[in-house]
Every structure is written in structure tokens, then in C-alpha cells.
Amino acid sequence: MILVTGGAGFIGSNFVLDWLAGTDEAVINLDALTYAGNRENLASLENDARHVFVHGSIADGALVASLLKQYQPRAVINFAAESHVDRSIHGPEDFIQTNIVGTFHLLEAVRAYWSGLDEPAKQDFRFLHVSTDEVYGSLSKHAPAFTEEHRYEPNSPYSASKAASDHLVRSYHHTYGLPVLTTNCSNNYGPYHFPEKLIPLMIVNALAGKSLPVYGDGQQIRDWLYVKDHCSAIRRVLQAGRCGEVYNVGGWNEKPNIDIVHTVCQLLDEARPRADGKSYREQIITVTDRPGHDRRYAIDAGKIERELGWKPAETFETGIRKTVNWYLDNQAWVANVQSGSYRDWVEKNYAERAA
Ligand code: NAD
Ligand code: DAU
């Protein structure tokens with residue numbers, strides 16, 4: 001079996017669902033159920049004996065050690081993190097605690113477990129750390145996309161904390177020989193994406209008749225990947241990646257934010273036209289920019305394509321259509337995630353941004 005951390009979040013839950021759809025190898029899912037963790041994402045696995053959910057933190061070394069001892073996983077895949085850049089600007093401390101200190105405690109527990117395995121199990125074991133392209137900083141308009149050799153230049157407390165965790169993971173390989181793999185992926189989108197992030201926020205706000213807040217001039221570029229393609233890349237790296245190596249994951253889909261918002265509006269105009277016959281575009285407003293906002297991310301996915309033969313299955317056009325339809329078909333999920341704490345966050349992040 002495998003141990004997944006953060007498997008009740010956006011990418012982690014997609015990963016667990018896809019994993020169990022493709023294999024009978026069981027999953028231990030350790031998740032602290034922060035505001036971003038949602039057991040509803042895993043509702044279809046409720047009576048599935050292949051999925052063991054454990055409510056707890058990666059920072060709890062004793063808990064992680066006991067899970068490793070009890071279940072003897074052949075791999076640990078670390079999704080657990082604080083993941084939202086705007087929240088890291090309002091309050092960086094949780095990011096330091098989870099992304100850096102938490103990853104450290106997880107690594108320590110994994111190192112102790114791995115050291116005690118017999119030689120064949122030791123050889124087969126993998127620790128896969130899921131990271132982000134944001135560790136590489138911001139690109140100018142015509143600069144080449146990030147390769148794995150790009151220097152680390154994190155610009156937000158979020159990306160700095162992820163960069164620190166990447167360095168810790170690297171050091172556990174270099175110093176202790178722990179068989180680690182790191183993936184640095186671009187922006188994901190798809191089902192179960194919490195509506196604090198651009199694409200789900202735009203869909204949810206549009207349908208609720210609320211404004212669609214675009215930061216600054218909306219010309220910041222992100223490189224979008226459908227979440228299930230990220231999951232397939234992680235499975236492939238776990239299967240065939242070389243220990244100690246880093247693999248960039250991306251979909252060759254660079255788009256300015258404003259284009260993303262227009263695409264979402266157009267798809268909603270087709271699928272769920274506004275009662276007044278006008279376009280959802282009418283709801284777009286520009287608001288004060290994110291402090292330190294990175295201008296452009298772009299991933300060079302050449303290494304994972306060449307070495308591991310991985311390619312995304314979705315284009316942006318197919319993936320975004322599936323995503324919009326998923327939100328239209330899952331309005332109960334959308335309603336349930338908009339709790340009091342979600343509303344507090346929206347108030348905190350947007351009230352002070354002058355329209
Ligand atoms: P998310 O915020 O949706 O989910 C994070 C999950 O981790 C939640 O279920 C949360 O409860 C859990 N968690 C938080 N602290 C924990 C702790 N101390 N112990 C155990 N669980 C804890 O995040 P996501 O978007 O699914 O991202 C998952 C990972 O992928 C993160 O490491 C993130 O940095 C990385 N990543 C995300 C993207 C993206 O576009 N979303 C892109 C590249 C990389
Ligand atoms: O690049 C990978 C990263 O992508 C991941 O590591 C992060 O965990 C993930 O959250 C995401 O970070 P971003 O900051 O790029 O994602 P977000 O959805 O918050 O914002 C995408 C872009 O849209 C960014 O340029 C900011 C802008 N934006 C965002 C929000 C929430 C807006 O213009 N308006 C908004 O209301």
C-alpha cells in the first residue's frame with residue numbers, strides 16, 4: 001500500500017480517486033482537515049476497504065511513525081501543504097509550520113521507518129514530494145520556460161515555504177540516501193478545486209451573480225494543467241522516476257488570467273445563460289493587485305516527456321469545459337464548501353481591494 005498526505009484536498013483527493021480507480025493497491029490517507037481538506041471529496045470511497053482515512057498532521061511525528069509501522073507502505077506521497085498564495089500574504093505562519101516544519105517531521109519519521117526496512121524493501125521504497133513551479137520565481141515575457149535547472153527565486157511566503165521543503169527533501173536524499181522524488185507542477189484546475197483559487201472562484205461567483213475580481217491588469221500568465229494529468233504524472237514519476245531527481249510537470253498551456261476569466265464566462269454563457277440574456281463578462285471587475293504578484297510562470301515539461309514518456313491527456317479547451325460542467329453538476333458540493341470560514345476569507349481578501 002501507499003501513504004498519501006493531504007489526500008482530502010484538491011489534488012490529493014483527485015489523486016486518491018484516480019489511484020483506486022486504476023489499482024487495488026490500498027491508500028492510507030493522512031490529512032489534517034484544515035479549511036482546504038474536505039471528506040466530501042472522498043465520499044465515493046466511504047465503504048471502500050482500500051481507503052483508510054486518518055485525521056492528523058504530518059507534523060505529528062509519533063502519529064506518522066505509528067502509521068508507517070502499522071501499514072508498512074512502499075511509498076509516501078506528500079501533498080499536504082498550505083497552498084494559497086493570498087492566504088500566505090495575510091498570514092505566513094501556518095505556511096512555515098506545515099510546509100517547512102511539517103515536512104521536516106514527516107521526513108524524520110519516514111527516514112526512521114525506511115532505515116529499518118530490509119534491503120529489498122529499502123531499495124523499492126519511494127518518498128515523492130509534490131511541489132510547485134512557484135519556487136522558481138517569476139519569468140519575463142519572452143524568457144524560456146522553467147527547467148529543473150532554473151535557480152530557486154521564490155517570491156511569496158507560500159513559494160518560499162515550498163522551496164524550503166524542496167531543499168529539505170533534497171538534503172534527505174543527499175545526506176541519508178532516502179529515495180526521494182520531487183515534482184514541480186504548474187497551476188492545476190479541475191474537480192474539487194476550492195473556490196478561493198482563480199478558476200473555481202470565477203465559476204462560483206459568476207453563477208451567484210457576484211463580481212469576478214481580476215487582480216491588477218489581468219495580464220499575469222499561468223501555465224494550466226488539468227488535475228488528472230498532474231495525477232498521471234505523479235503516478236508515472238513514482239513508477240519510473242530516478243531517485244533524487246526533480247521532474248517539472250506542466251501542460252504547455254500559458255494563458256493570461258483575463259483570458260481564463262473570459263473563457264469561463266463564455267462556457268457559462270453557453271451552458272447556463274444569464275436570465276437577462278447578458279454575458280457573465282458583465283460581472284468582471286479589476287481590483288487591487290496581489291502584493292509581489294509573479295508576472296509569469298511557464299513549465300518546460302521536456303524532461304518528464306523525454307525520460308518517462310508522460311504527456312497530458314487534456315488540452316486546456318477540453319479540460320476547462322469538463323471543469324465548468326463539473327461545477328454545474330455539483331452545486332451541492334459548491335454550496336457545502338462555502339462555510340462561514342470561507343465567507344470570512346472572501347471578506348478579508350476582497351473587501352480591502354478597491355474595485
Ligand atoms: P489544498 O490546499 O487543496 O489541499 C491541501 C490539503 O493538505 C488539505 O486537504 C489539507 O487539509 C491538508 N493539510 C494541510 N496541512 C496539513 C498537515 N499539517 N497535515 C496533513 N494534512 C494537511 O492544496 P492542493 O491545491 O491540493 O495542493 C496539494 C499540493 O500540491 C501542495 O503541496 C501544493 O503546494 C502542490 N501544488 C499545487 C498546485 C495547484 O495548482 N493547486 C500546483 C502545483 C503544486
Ligand atoms: O503555480 C502553481 C501554484 O498555482 C500552486 O503552487 C498554488 O498552490 C496554487 O494556488 C496556484 O497559485 P496561484 O497564485 O497561481 O493561483 P490562484 O488561483 O490563487 O491565482 C491564479 C492567478 O489569478 C494569479 O495570477 C492571481 C490571479 N487571481 C486570483 C484570484 C484568487 C485573480 O486575478 N483574482 C482572484 O480573485
# chains A, B, ... in the order shown; residues from 1 in each chain; ligands from 1
$ closest_atom_pairs --of "chain A" --to "ligand 2" --cutoff "9 Å" --atoms "only C-alpha atoms and all ligand atoms" --output "JSON lines"
{"residue": "A:Ala81", "atom": "CA", "partner": "ligand 2", "partner_atom_place_in_ligand_line": "8 (O)", "distance": 8.5}
{"residue": "A:Glu82", "atom": "CA", "partner": "ligand 2", "partner_atom_place_in_ligand_line": "8 (O)", "distance": 7.7}
{"residue": "A:Ser83", "atom": "CA", "partner": "ligand 2", "partner_atom_place_in_ligand_line": "8 (O)", "distance": 4.0}
{"residue": "A:His84", "atom": "CA", "partner": "ligand 2", "partner_atom_place_in_ligand_line": "10 (O)", "distance": 4.5}
{"residue": "A:Val85", "atom": "CA", "partner": "ligand 2", "partner_atom_place_in_ligand_line": "14 (O)", "distance": 5.1}
{"residue": "A:Asp86", "atom": "CA", "partner": "ligand 2", "partner_atom_place_in_ligand_line": "19 (O)", "distance": 6.6}
{"residue": "A:Ser131", "atom": "CA", "partner": "ligand 2", "partner_atom_place_in_ligand_line": "6 (O)", "distance": 6.9}
{"residue": "A:Thr132", "atom": "CA", "partner": "ligand 2", "partner_atom_place_in_ligand_line": "6 (O)", "distance": 4.4}
{"residue": "A:Asp133", "atom": "CA", "partner": "ligand 2", "partner_atom_place_in_ligand_line": "1 (O)", "distance": 5.2}
{"residue": "A:Glu134", "atom": "CA", "partner": "ligand 2", "partner_atom_place_in_ligand_line": "1 (O)", "distance": 5.2}
{"residue": "A:Val135", "atom": "CA", "partner": "ligand 2", "partner_atom_place_in_ligand_line": "6 (O)", "distance": 8.3}
{"residue": "A:Tyr158", "atom": "CA", "partner": "ligand 2", "partner_atom_place_in_ligand_line": "8 (O)", "distance": 7.9}
{"residue": "A:Ser159", "atom": "CA", "partner": "ligand 2", "partner_atom_place_in_ligand_line": "6 (O)", "distance": 7.1}
{"residue": "A:Lys162", "atom": "CA", "partner": "ligand 2", "partner_atom_place_in_ligand_line": "6 (O)", "distance": 8.3}
{"residue": "A:Asn184", "atom": "CA", "partner": "ligand 2", "partner_atom_place_in_ligand_line": "2 (C)", "distance": 8.4}
{"residue": "A:Cys185", "atom": "CA", "partner": "ligand 2", "partner_atom_place_in_ligand_line": "2 (C)", "distance": 6.3}
{"residue": "A:Ser186", "atom": "CA", "partner": "ligand 2", "partner_atom_place_in_ligand_line": "1 (O)", "distance": 4.3}
{"residue": "A:Asn187", "atom": "CA", "partner": "ligand 2", "partner_atom_place_in_ligand_line": "2 (C)", "distance": 4.0}
{"residue": "A:Asn188", "atom": "CA", "partner": "ligand 2", "partner_atom_place_in_ligand_line": "4 (O)", "distance": 6.6}
{"residue": "A:Tyr189", "atom": "CA", "partner": "ligand 2", "partner_atom_place_in_ligand_line": "18 (O)", "distance": 8.7}
{"residue": "A:Pro195", "atom": "CA", "partner": "ligand 2", "partner_atom_place_in_ligand_line": "31 (C)", "distance": 8.1}
{"residue": "A:Glu196", "atom": "CA", "partner": "ligand 2", "partner_atom_place_in_ligand_line": "31 (C)", "distance": 5.6}
{"residue": "A:Lys197", "atom": "CA", "partner": "ligand 2", "partner_atom_place_in_ligand_line": "18 (O)", "distance": 3.5}
{"residue": "A:Leu198", "atom": "CA", "partner": "ligand 2", "partner_atom_place_in_ligand_line": "18 (O)", "distance": 3.7}
{"residue": "A:Ile199", "atom": "CA", "partner": "ligand 2", "partner_atom_place_in_ligand_line": "18 (O)", "distance": 6.5}
{"residue": "A:Pro200", "atom": "CA", "partner": "ligand 2", "partner_atom_place_in_ligand_line": "18 (O)", "distance": 8.3}
{"residue": "A:Leu201", "atom": "CA", "partner": "ligand 2", "partner_atom_place_in_ligand_line": "31 (C)", "distance": 6.7}
{"residue": "A:Met202", "atom": "CA", "partner": "ligand 2", "partner_atom_place_in_ligand_line": "36 (O)", "distance": 7.6}
{"residue": "A:Leu212", "atom": "CA", "partner": "ligand 2", "partner_atom_place_in_ligand_line": "36 (O)", "distance": 7.2}
{"residue": "A:Pro213", "atom": "CA", "partner": "ligand 2", "partner_atom_place_in_ligand_line": "36 (O)", "distance": 5.0}
{"residue": "A:Val214", "atom": "CA", "partner": "ligand 2", "partner_atom_place_in_ligand_line": "33 (O)", "distance": 3.7}
{"residue": "A:Tyr215", "atom": "CA", "partner": "ligand 2", "partner_atom_place_in_ligand_line": "33 (O)", "distance": 3.7}
{"residue": "A:Gly216", "atom": "CA", "partner": "ligand 2", "partner_atom_place_in_ligand_line": "33 (O)", "distance": 7.1}
{"residue": "A:Asp217", "atom": "CA", "partner": "ligand 2", "partner_atom_place_in_ligand_line": "33 (O)", "distance": 8.5}
{"residue": "A:Gly218", "atom": "CA", "partner": "ligand 2", "partner_atom_place_in_ligand_line": "33 (O)", "distance": 6.0}
{"residue": "A:Gln219", "atom": "CA", "partner": "ligand 2", "partner_atom_place_in_ligand_line": "25 (O)", "distance": 8.2}
{"residue": "A:Gln220", "atom": "CA", "partner": "ligand 2", "partner_atom_place_in_ligand_line": "25 (O)", "distance": 5.3}
{"residue": "A:Ile221", "atom": "CA", "partner": "ligand 2", "partner_atom_place_in_ligand_line": "25 (O)", "distance": 6.6}
{"residue": "A:Arg222", "atom": "CA", "partner": "ligand 2", "partner_atom_place_in_ligand_line": "15 (O)", "distance": 6.3}
{"residue": "A:Asp223", "atom": "CA", "partner": "ligand 2", "partner_atom_place_in_ligand_line": "1 (O)", "distance": 7.3}
{"residue": "A:Trp224", "atom": "CA", "partner": "ligand 2", "partner_atom_place_in_ligand_line": "1 (O)", "distance": 8.2}
{"residue": "A:Pro256", "atom": "CA", "partner": "ligand 2", "partner_atom_place_in_ligand_line": "25 (O)", "distance": 8.2}
{"residue": "A:Asn257", "atom": "CA", "partner": "ligand 2", "partner_atom_place_in_ligand_line": "23 (O)", "distance": 5.6}
{"residue": "A:Ile258", "atom": "CA", "partner": "ligand 2", "partner_atom_place_in_ligand_line": "33 (O)", "distance": 7.6}
{"residue": "A:Ile260", "atom": "CA", "partner": "ligand 2", "partner_atom_place_in_ligand_line": "23 (O)", "distance": 8.8}
{"residue": "A:Val261", "atom": "CA", "partner": "ligand 2", "partner_atom_place_in_ligand_line": "33 (O)", "distance": 8.7}
{"residue": "A:Thr286", "atom": "CA", "partner": "ligand 2", "partner_atom_place_in_ligand_line": "33 (O)", "distance": 8.0}
{"residue": "A:Val287", "atom": "CA", "partner": "ligand 2", "partner_atom_place_in_ligand_line": "34 (N)", "distance": 8.0}
{"residue": "A:Asp289", "atom": "CA", "partner": "ligand 2", "partner_atom_place_in_ligand_line": "33 (O)", "distance": 7.6}
{"residue": "A:Arg290", "atom": "CA", "partner": "ligand 2", "partner_atom_place_in_ligand_line": "26 (C)", "distance": 7.0}
{"residue": "A:His293", "atom": "CA", "partner": "ligand 2", "partner_atom_place_in_ligand_line": "25 (O)", "distance": 6.8}
{"residue": "A:Asp294", "atom": "CA", "partner": "ligand 2", "partner_atom_place_in_ligand_line": "25 (O)", "distance": 6.9}
{"residue": "A:Arg295", "atom": "CA", "partner": "ligand 2", "partner_atom_place_in_ligand_line": "25 (O)", "distance": 7.2}
{"residue": "A:Arg296", "atom": "CA", "partner": "ligand 2", "partner_atom_place_in_ligand_line": "25 (O)", "distance": 8.0}
{"residue": "A:Tyr297", "atom": "CA", "partner": "ligand 2", "partner_atom_place_in_ligand_line": "1 (O)", "distance": 6.8}
{"residue": "A:Ala298", "atom": "CA", "partner": "ligand 2", "partner_atom_place_in_ligand_line": "1 (O)", "distance": 8.7}
{"residue": "A:Asn349", "atom": "CA", "partner": "ligand 2", "partner_atom_place_in_ligand_line": "36 (O)", "distance": 8.5}
{"residue": "A:Tyr350", "atom": "CA", "partner": "ligand 2", "partner_atom_place_in_ligand_line": "36 (O)", "distance": 7.8}
$ write_last_selection --atoms "C-alpha atoms" --output "PDB file, in the first residue's frame"
ATOM      1  CA  ALA A  81       0.514  21.829   2.490  1.00  0.00           C
ATOM      2  CA  GLU A  82      -0.937  25.249   2.932  1.00  0.00           C
ATOM      3  CA  SER A  83      -1.376  26.137  -0.728  1.00  0.00           C
ATOM      4  CA  HIS A  84      -2.952  29.560  -1.255  1.00  0.00           C
ATOM      5  CA  VAL A  85      -0.629  32.469  -2.039  1.00  0.00           C
ATOM      6  CA  ASP A  86      -3.070  35.178  -0.878  1.00  0.00           C
ATOM      7  CA  SER A 131       5.846  20.793  -5.211  1.00  0.00           C
ATOM      8  CA  THR A 132       5.189  23.790  -7.383  1.00  0.00           C
ATOM      9  CA  ASP A 133       6.635  25.865 -10.226  1.00  0.00           C
ATOM     10  CA  GLU A 134       6.325  28.933  -7.970  1.00  0.00           C
ATOM     11  CA  VAL A 135       9.652  28.058  -6.314  1.00  0.00           C
ATOM     12  CA  TYR A 158       3.938  30.314   0.169  1.00  0.00           C
ATOM     13  CA  SER A 159       6.553  29.701  -2.502  1.00  0.00           C
ATOM     14  CA  LYS A 162       7.584  25.223  -0.577  1.00  0.00           C
ATOM     15  CA  ASN A 184       7.295  20.800  -9.539  1.00  0.00           C
ATOM     16  CA  CYS A 185       3.980  21.380 -11.233  1.00  0.00           C
ATOM     17  CA  SER A 186       2.244  24.383 -12.753  1.00  0.00           C
ATOM     18  CA  ASN A 187      -1.291  25.622 -11.939  1.00  0.00           C
ATOM     19  CA  ASN A 188      -3.865  22.849 -11.696  1.00  0.00           C
ATOM     20  CA  TYR A 189      -7.591  23.107 -12.329  1.00  0.00           C
ATOM     21  CA  PRO A 195     -13.220  28.277  -4.701  1.00  0.00           C
ATOM     22  CA  GLU A 196     -10.563  30.528  -3.232  1.00  0.00           C
ATOM     23  CA  LYS A 197      -8.456  29.917  -6.379  1.00  0.00           C
ATOM     24  CA  LEU A 198      -8.966  31.733  -9.674  1.00  0.00           C
ATOM     25  CA  ILE A 199     -10.913  29.276 -11.843  1.00  0.00           C
ATOM     26  CA  PRO A 200     -13.396  27.877  -9.283  1.00  0.00           C
ATOM     27  CA  LEU A 201     -13.853  31.334  -7.735  1.00  0.00           C
ATOM     28  CA  MET A 202     -14.841  32.743 -11.134  1.00  0.00           C
ATOM     29  CA  LEU A 212     -15.421  38.468 -10.936  1.00  0.00           C
ATOM     30  CA  PRO A 213     -12.385  40.150  -9.324  1.00  0.00           C
ATOM     31  CA  VAL A 214      -9.322  40.274 -11.606  1.00  0.00           C
ATOM     32  CA  TYR A 215      -6.126  41.350  -9.842  1.00  0.00           C
ATOM     33  CA  GLY A 216      -4.259  44.274 -11.442  1.00  0.00           C
ATOM     34  CA  ASP A 217      -4.227  44.325 -15.243  1.00  0.00           C
ATOM     35  CA  GLY A 218      -5.104  40.619 -15.569  1.00  0.00           C
ATOM     36  CA  GLN A 219      -2.093  40.047 -17.819  1.00  0.00           C
ATOM     37  CA  GLN A 220      -0.268  37.739 -15.406  1.00  0.00           C
ATOM     38  CA  ILE A 221       0.420  34.422 -17.081  1.00  0.00           C
ATOM     39  CA  ARG A 222      -0.059  30.987 -15.557  1.00  0.00           C
ATOM     40  CA  ASP A 223       0.566  27.594 -17.198  1.00  0.00           C
ATOM     41  CA  TRP A 224      -2.555  25.464 -16.671  1.00  0.00           C
ATOM     42  CA  PRO A 256      -3.121  35.422 -19.203  1.00  0.00           C
ATOM     43  CA  ASN A 257      -5.584  35.477 -16.302  1.00  0.00           C
ATOM     44  CA  ILE A 258      -8.011  37.726 -18.144  1.00  0.00           C
ATOM     45  CA  ILE A 260      -9.066  32.457 -18.435  1.00  0.00           C
ATOM     46  CA  VAL A 261     -11.866  34.562 -16.984  1.00  0.00           C
ATOM     47  CA  THR A 286     -10.485  44.803 -11.777  1.00  0.00           C
ATOM     48  CA  VAL A 287      -9.286  45.049  -8.192  1.00  0.00           C
ATOM     49  CA  ASP A 289      -3.205  43.647  -7.364  1.00  0.00           C
ATOM     50  CA  ARG A 290      -1.678  40.915  -5.179  1.00  0.00           C
ATOM     51  CA  HIS A 293       2.470  39.241  -7.760  1.00  0.00           C
ATOM     52  CA  ASP A 294       4.547  36.961 -10.007  1.00  0.00           C
ATOM     53  CA  ARG A 295       4.083  38.041 -13.613  1.00  0.00           C
ATOM     54  CA  ARG A 296       4.572  34.802 -15.485  1.00  0.00           C
ATOM     55  CA  TYR A 297       5.077  31.074 -14.863  1.00  0.00           C
ATOM     56  CA  ALA A 298       5.828  28.598 -17.632  1.00  0.00           C
ATOM     57  CA  ASN A 349      -9.253  39.155   0.873  1.00  0.00           C
ATOM     58  CA  TYR A 350     -11.614  41.209  -1.271  1.00  0.00           C
TER      59      TYR A 350
END
$ closest_atom_pairs --of "chain A" --to "ligand 1" --cutoff "6 Å" --atoms "only C-alpha atoms and all ligand atoms" --output "JSON lines"
{"residue": "A:Thr5", "atom": "CA", "partner": "ligand 1", "partner_atom_place_in_ligand_line": "20 (C)", "distance": 5.7}
{"residue": "A:Gly6", "atom": "CA", "partner": "ligand 1", "partner_atom_place_in_ligand_line": "7 (O)", "distance": 3.6}
{"residue": "A:Gly7", "atom": "CA", "partner": "ligand 1", "partner_atom_place_in_ligand_line": "9 (O)", "distance": 5.7}
{"residue": "A:Ala8", "atom": "CA", "partner": "ligand 1", "partner_atom_place_in_ligand_line": "9 (O)", "distance": 4.0}
{"residue": "A:Gly9", "atom": "CA", "partner": "ligand 1", "partner_atom_place_in_ligand_line": "9 (O)", "distance": 3.2}
{"residue": "A:Phe10", "atom": "CA", "partner": "ligand 1", "partner_atom_place_in_ligand_line": "26 (O)", "distance": 3.7}
{"residue": "A:Ile11", "atom": "CA", "partner": "ligand 1", "partner_atom_place_in_ligand_line": "26 (O)", "distance": 3.7}
{"residue": "A:Gly12", "atom": "CA", "partner": "ligand 1", "partner_atom_place_in_ligand_line": "26 (O)", "distance": 5.3}
{"residue": "A:Leu30", "atom": "CA", "partner": "ligand 1", "partner_atom_place_in_ligand_line": "20 (C)", "distance": 5.8}
{"residue": "A:Asp31", "atom": "CA", "partner": "ligand 1", "partner_atom_place_in_ligand_line": "21 (N)", "distance": 3.7}
{"residue": "A:Ala32", "atom": "CA", "partner": "ligand 1", "partner_atom_place_in_ligand_line": "21 (N)", "distance": 4.0}
{"residue": "A:Leu33", "atom": "CA", "partner": "ligand 1", "partner_atom_place_in_ligand_line": "11 (O)", "distance": 3.6}
{"residue": "A:Thr34", "atom": "CA", "partner": "ligand 1", "partner_atom_place_in_ligand_line": "11 (O)", "distance": 4.0}
{"residue": "A:Ala36", "atom": "CA", "partner": "ligand 1", "partner_atom_place_in_ligand_line": "8 (C)", "distance": 4.6}
{"residue": "A:Gly37", "atom": "CA", "partner": "ligand 1", "partner_atom_place_in_ligand_line": "9 (O)", "distance": 3.2}
{"residue": "A:Gly56", "atom": "CA", "partner": "ligand 1", "partner_atom_place_in_ligand_line": "20 (C)", "distance": 5.9}
{"residue": "A:Ser57", "atom": "CA", "partner": "ligand 1", "partner_atom_place_in_ligand_line": "19 (N)", "distance": 3.3}
{"residue": "A:Ile58", "atom": "CA", "partner": "ligand 1", "partner_atom_place_in_ligand_line": "19 (N)", "distance": 4.1}
{"residue": "A:Ala59", "atom": "CA", "partner": "ligand 1", "partner_atom_place_in_ligand_line": "18 (N)", "distance": 5.6}
{"residue": "A:Phe79", "atom": "CA", "partner": "ligand 1", "partner_atom_place_in_ligand_line": "29 (C)", "distance": 4.2}
{"residue": "A:Ala80", "atom": "CA", "partner": "ligand 1", "partner_atom_place_in_ligand_line": "7 (O)", "distance": 3.6}
{"residue": "A:Ala81", "atom": "CA", "partner": "ligand 1", "partner_atom_place_in_ligand_line": "14 (C)", "distance": 4.5}
{"residue": "A:Glu82", "atom": "CA", "partner": "ligand 1", "partner_atom_place_in_ligand_line": "14 (C)", "distance": 5.4}
{"residue": "A:Ser83", "atom": "CA", "partner": "ligand 1", "partner_atom_place_in_ligand_line": "2 (O)", "distance": 4.6}
{"residue": "A:Thr98", "atom": "CA", "partner": "ligand 1", "partner_atom_place_in_ligand_line": "18 (N)", "distance": 4.7}
{"residue": "A:Gly102", "atom": "CA", "partner": "ligand 1", "partner_atom_place_in_ligand_line": "18 (N)", "distance": 5.8}
{"residue": "A:Val130", "atom": "CA", "partner": "ligand 1", "partner_atom_place_in_ligand_line": "32 (O)", "distance": 5.3}
{"residue": "A:Ser131", "atom": "CA", "partner": "ligand 1", "partner_atom_place_in_ligand_line": "44 (C)", "distance": 4.6}
{"residue": "A:Thr132", "atom": "CA", "partner": "ligand 1", "partner_atom_place_in_ligand_line": "44 (C)", "distance": 3.9}
{"residue": "A:Cys185", "atom": "CA", "partner": "ligand 1", "partner_atom_place_in_ligand_line": "43 (C)", "distance": 4.3}
{"residue": "A:Ser186", "atom": "CA", "partner": "ligand 1", "partner_atom_place_in_ligand_line": "42 (C)", "distance": 5.0}
{"residue": "A:Asn187", "atom": "CA", "partner": "ligand 1", "partner_atom_place_in_ligand_line": "40 (O)", "distance": 3.6}
{"residue": "A:Asn188", "atom": "CA", "partner": "ligand 1", "partner_atom_place_in_ligand_line": "40 (O)", "distance": 3.8}
$ residues_around --residues "Val246 in chain A" --least-positions-apart "5" --cutoff "7 Å" --atoms "only C-alpha atoms" --output "PyMOL selection string"
chain A and resi 148+181-183
$ residues_around --residues "Leu207 in chain A" --least-positions-apart "3" --cutoff "12 Å" --atoms "only C-alpha atoms" --output "PyMOL selection string"
chain A and resi 200-204+210-212+264-265+267-269+271-275+279-281+283+324+327-328+331+334-335
$ write_last_selection --atoms "C-alpha atoms" --output "JSON list (two decimals), in the first residue's frame"
[["chain", "number", "residue", "atom", "x", "y", "z"],
["A", 200, "PRO", "CA", -13.40, 27.88, -9.28],
["A", 201, "LEU", "CA", -13.85, 31.33, -7.74],
["A", 202, "MET", "CA", -14.84, 32.74, -11.13],
["A", 203, "ILE", "CA", -17.30, 29.92, -11.81],
["A", 204, "VAL", "CA", -18.88, 30.09, -8.37],
["A", 210, "LYS", "CA", -21.27, 38.24, -7.86],
["A", 211, "SER", "CA", -18.40, 40.22, -9.34],
["A", 212, "LEU", "CA", -15.42, 38.47, -10.94],
["A", 264, "VAL", "CA", -15.07, 30.67, -18.11],
["A", 265, "CYS", "CA", -17.68, 33.36, -18.91],
["A", 267, "LEU", "CA", -18.62, 28.48, -21.34],
["A", 268, "LEU", "CA", -21.14, 29.57, -18.73],
["A", 269, "ASP", "CA", -22.91, 31.76, -21.30],
["A", 271, "ALA", "CA", -24.25, 26.17, -20.65],
["A", 272, "ARG", "CA", -26.19, 28.32, -18.17],
["A", 273, "PRO", "CA", -27.13, 31.67, -19.83],
["A", 274, "ARG", "CA", -27.93, 34.57, -17.52],
["A", 275, "ALA", "CA", -31.64, 35.27, -17.11],
["A", 279, "SER", "CA", -22.87, 37.74, -20.78],
["A", 280, "TYR", "CA", -21.23, 36.81, -17.47],
["A", 281, "ARG", "CA", -18.42, 39.08, -18.72],
["A", 283, "GLN", "CA", -19.55, 40.81, -13.90],
["A", 324, "VAL", "CA", -17.11, 24.11, -15.80],
["A", 327, "TYR", "CA", -19.17, 22.71, -11.13],
["A", 328, "LEU", "CA", -22.55, 22.99, -12.81],
["A", 331, "GLN", "CA", -23.85, 22.56, -6.93],
["A", 334, "VAL", "CA", -20.21, 24.11, -4.08],
["A", 335, "ALA", "CA", -22.81, 25.15, -1.50]]
$ select_by_dssp --residues "range 177-268 of chain A" --states "helix (DSSP H, G or I)" --output "VMD selection string"
chain A and resid 198 to 207 227 to 240 257 to 268
$ closest_residue --among "A:Ile89, A:Phe194, A:Ile234, A:Phe95" --to "Trp333 in chain A" --atoms "only C-alpha atoms"
A:Phe194
$ closest_residue --among "A:Lys303, A:Lys228, A:Lys311, A:Lys122" --to "His193 in chain A" --atoms "only C-alpha atoms"
A:Lys228
$ closest_residue --among "A:Tyr71, A:Ala164, A:Pro120, A:Ala208" --to "Gln338 in chain A" --atoms "only C-alpha atoms"
A:Ala208
$ select_by_dssp --residues "range 40-243 of chain A" --states "strand (DSSP E or B)" --output "PyMOL selection string"
chain A and resi 51-55+75-78+126-132+146+180-185+187-189+212-215+221-226
$ closest_residue --among "A:Gly292, A:Ser232, A:Tyr192, A:His173" --to "Trp326 in chain A" --atoms "only C-alpha atoms"
A:Tyr192
$ closest_residue --among "A:Ala240, A:Val227, A:Ile96, A:Val346" --to "Phe316 in chain A" --atoms "only C-alpha atoms"
A:Val227
$ closest_residue --among "A:Asn14, A:Ala43, A:Asn38, A:Ala75" --to "Ala26 in chain A" --atoms "only C-alpha atoms"
A:Ala75
$ atom_distance --atom1 "CA of Leu42 in chain A" --atom2 "CA of Val16 in chain A"
8.3 Å
$ decode --residues "range 18-22 of chain A" --atoms "all heavy atoms" --output "compact mmCIF listing (two decimals), in the first residue's frame"
# COMPACT_ATOMS: atom_id res chain seq x y z
N ASP A 18 -8.31 8.67 -8.45
CA ASP A 18 -7.76 8.09 -9.69
C ASP A 18 -6.95 6.83 -9.40
O ASP A 18 -6.99 5.87 -10.15
CB ASP A 18 -6.86 9.11 -10.40
CG ASP A 18 -7.67 10.19 -11.08
OD1 ASP A 18 -8.90 10.22 -10.90
OD2 ASP A 18 -7.06 11.03 -11.78
N TRP A 19 -6.19 6.89 -8.29
CA TRP A 19 -5.35 5.73 -7.92
C TRP A 19 -6.22 4.50 -7.73
O TRP A 19 -5.95 3.44 -8.29
CB TRP A 19 -4.59 6.07 -6.64
CG TRP A 19 -3.69 4.98 -6.15
CD1 TRP A 19 -4.03 3.96 -5.29
CD2 TRP A 19 -2.33 4.76 -6.49
NE1 TRP A 19 -2.95 3.14 -5.06
CE2 TRP A 19 -1.89 3.61 -5.79
CE3 TRP A 19 -1.41 5.43 -7.31
CZ2 TRP A 19 -0.59 3.11 -5.89
CZ3 TRP A 19 -0.11 4.94 -7.41
CH2 TRP A 19 0.27 3.80 -6.71
N LEU A 20 -7.29 4.65 -6.95
CA LEU A 20 -8.13 3.49 -6.63
C LEU A 20 -9.03 3.09 -7.80
O LEU A 20 -9.55 1.98 -7.82
CB LEU A 20 -8.93 3.76 -5.35
CG LEU A 20 -8.05 3.83 -4.09
CD1 LEU A 20 -8.87 4.23 -2.87
CD2 LEU A 20 -7.33 2.50 -3.84
N ALA A 21 -9.17 3.99 -8.77
CA ALA A 21 -9.91 3.60 -9.99
C ALA A 21 -9.02 2.74 -10.88
O ALA A 21 -9.53 2.00 -11.72
CB ALA A 21 -10.35 4.85 -10.74
N GLY A 22 -7.69 2.83 -10.67
CA GLY A 22 -6.78 2.12 -11.58
C GLY A 22 -6.09 0.92 -10.97
O GLY A 22 -5.46 0.15 -11.69
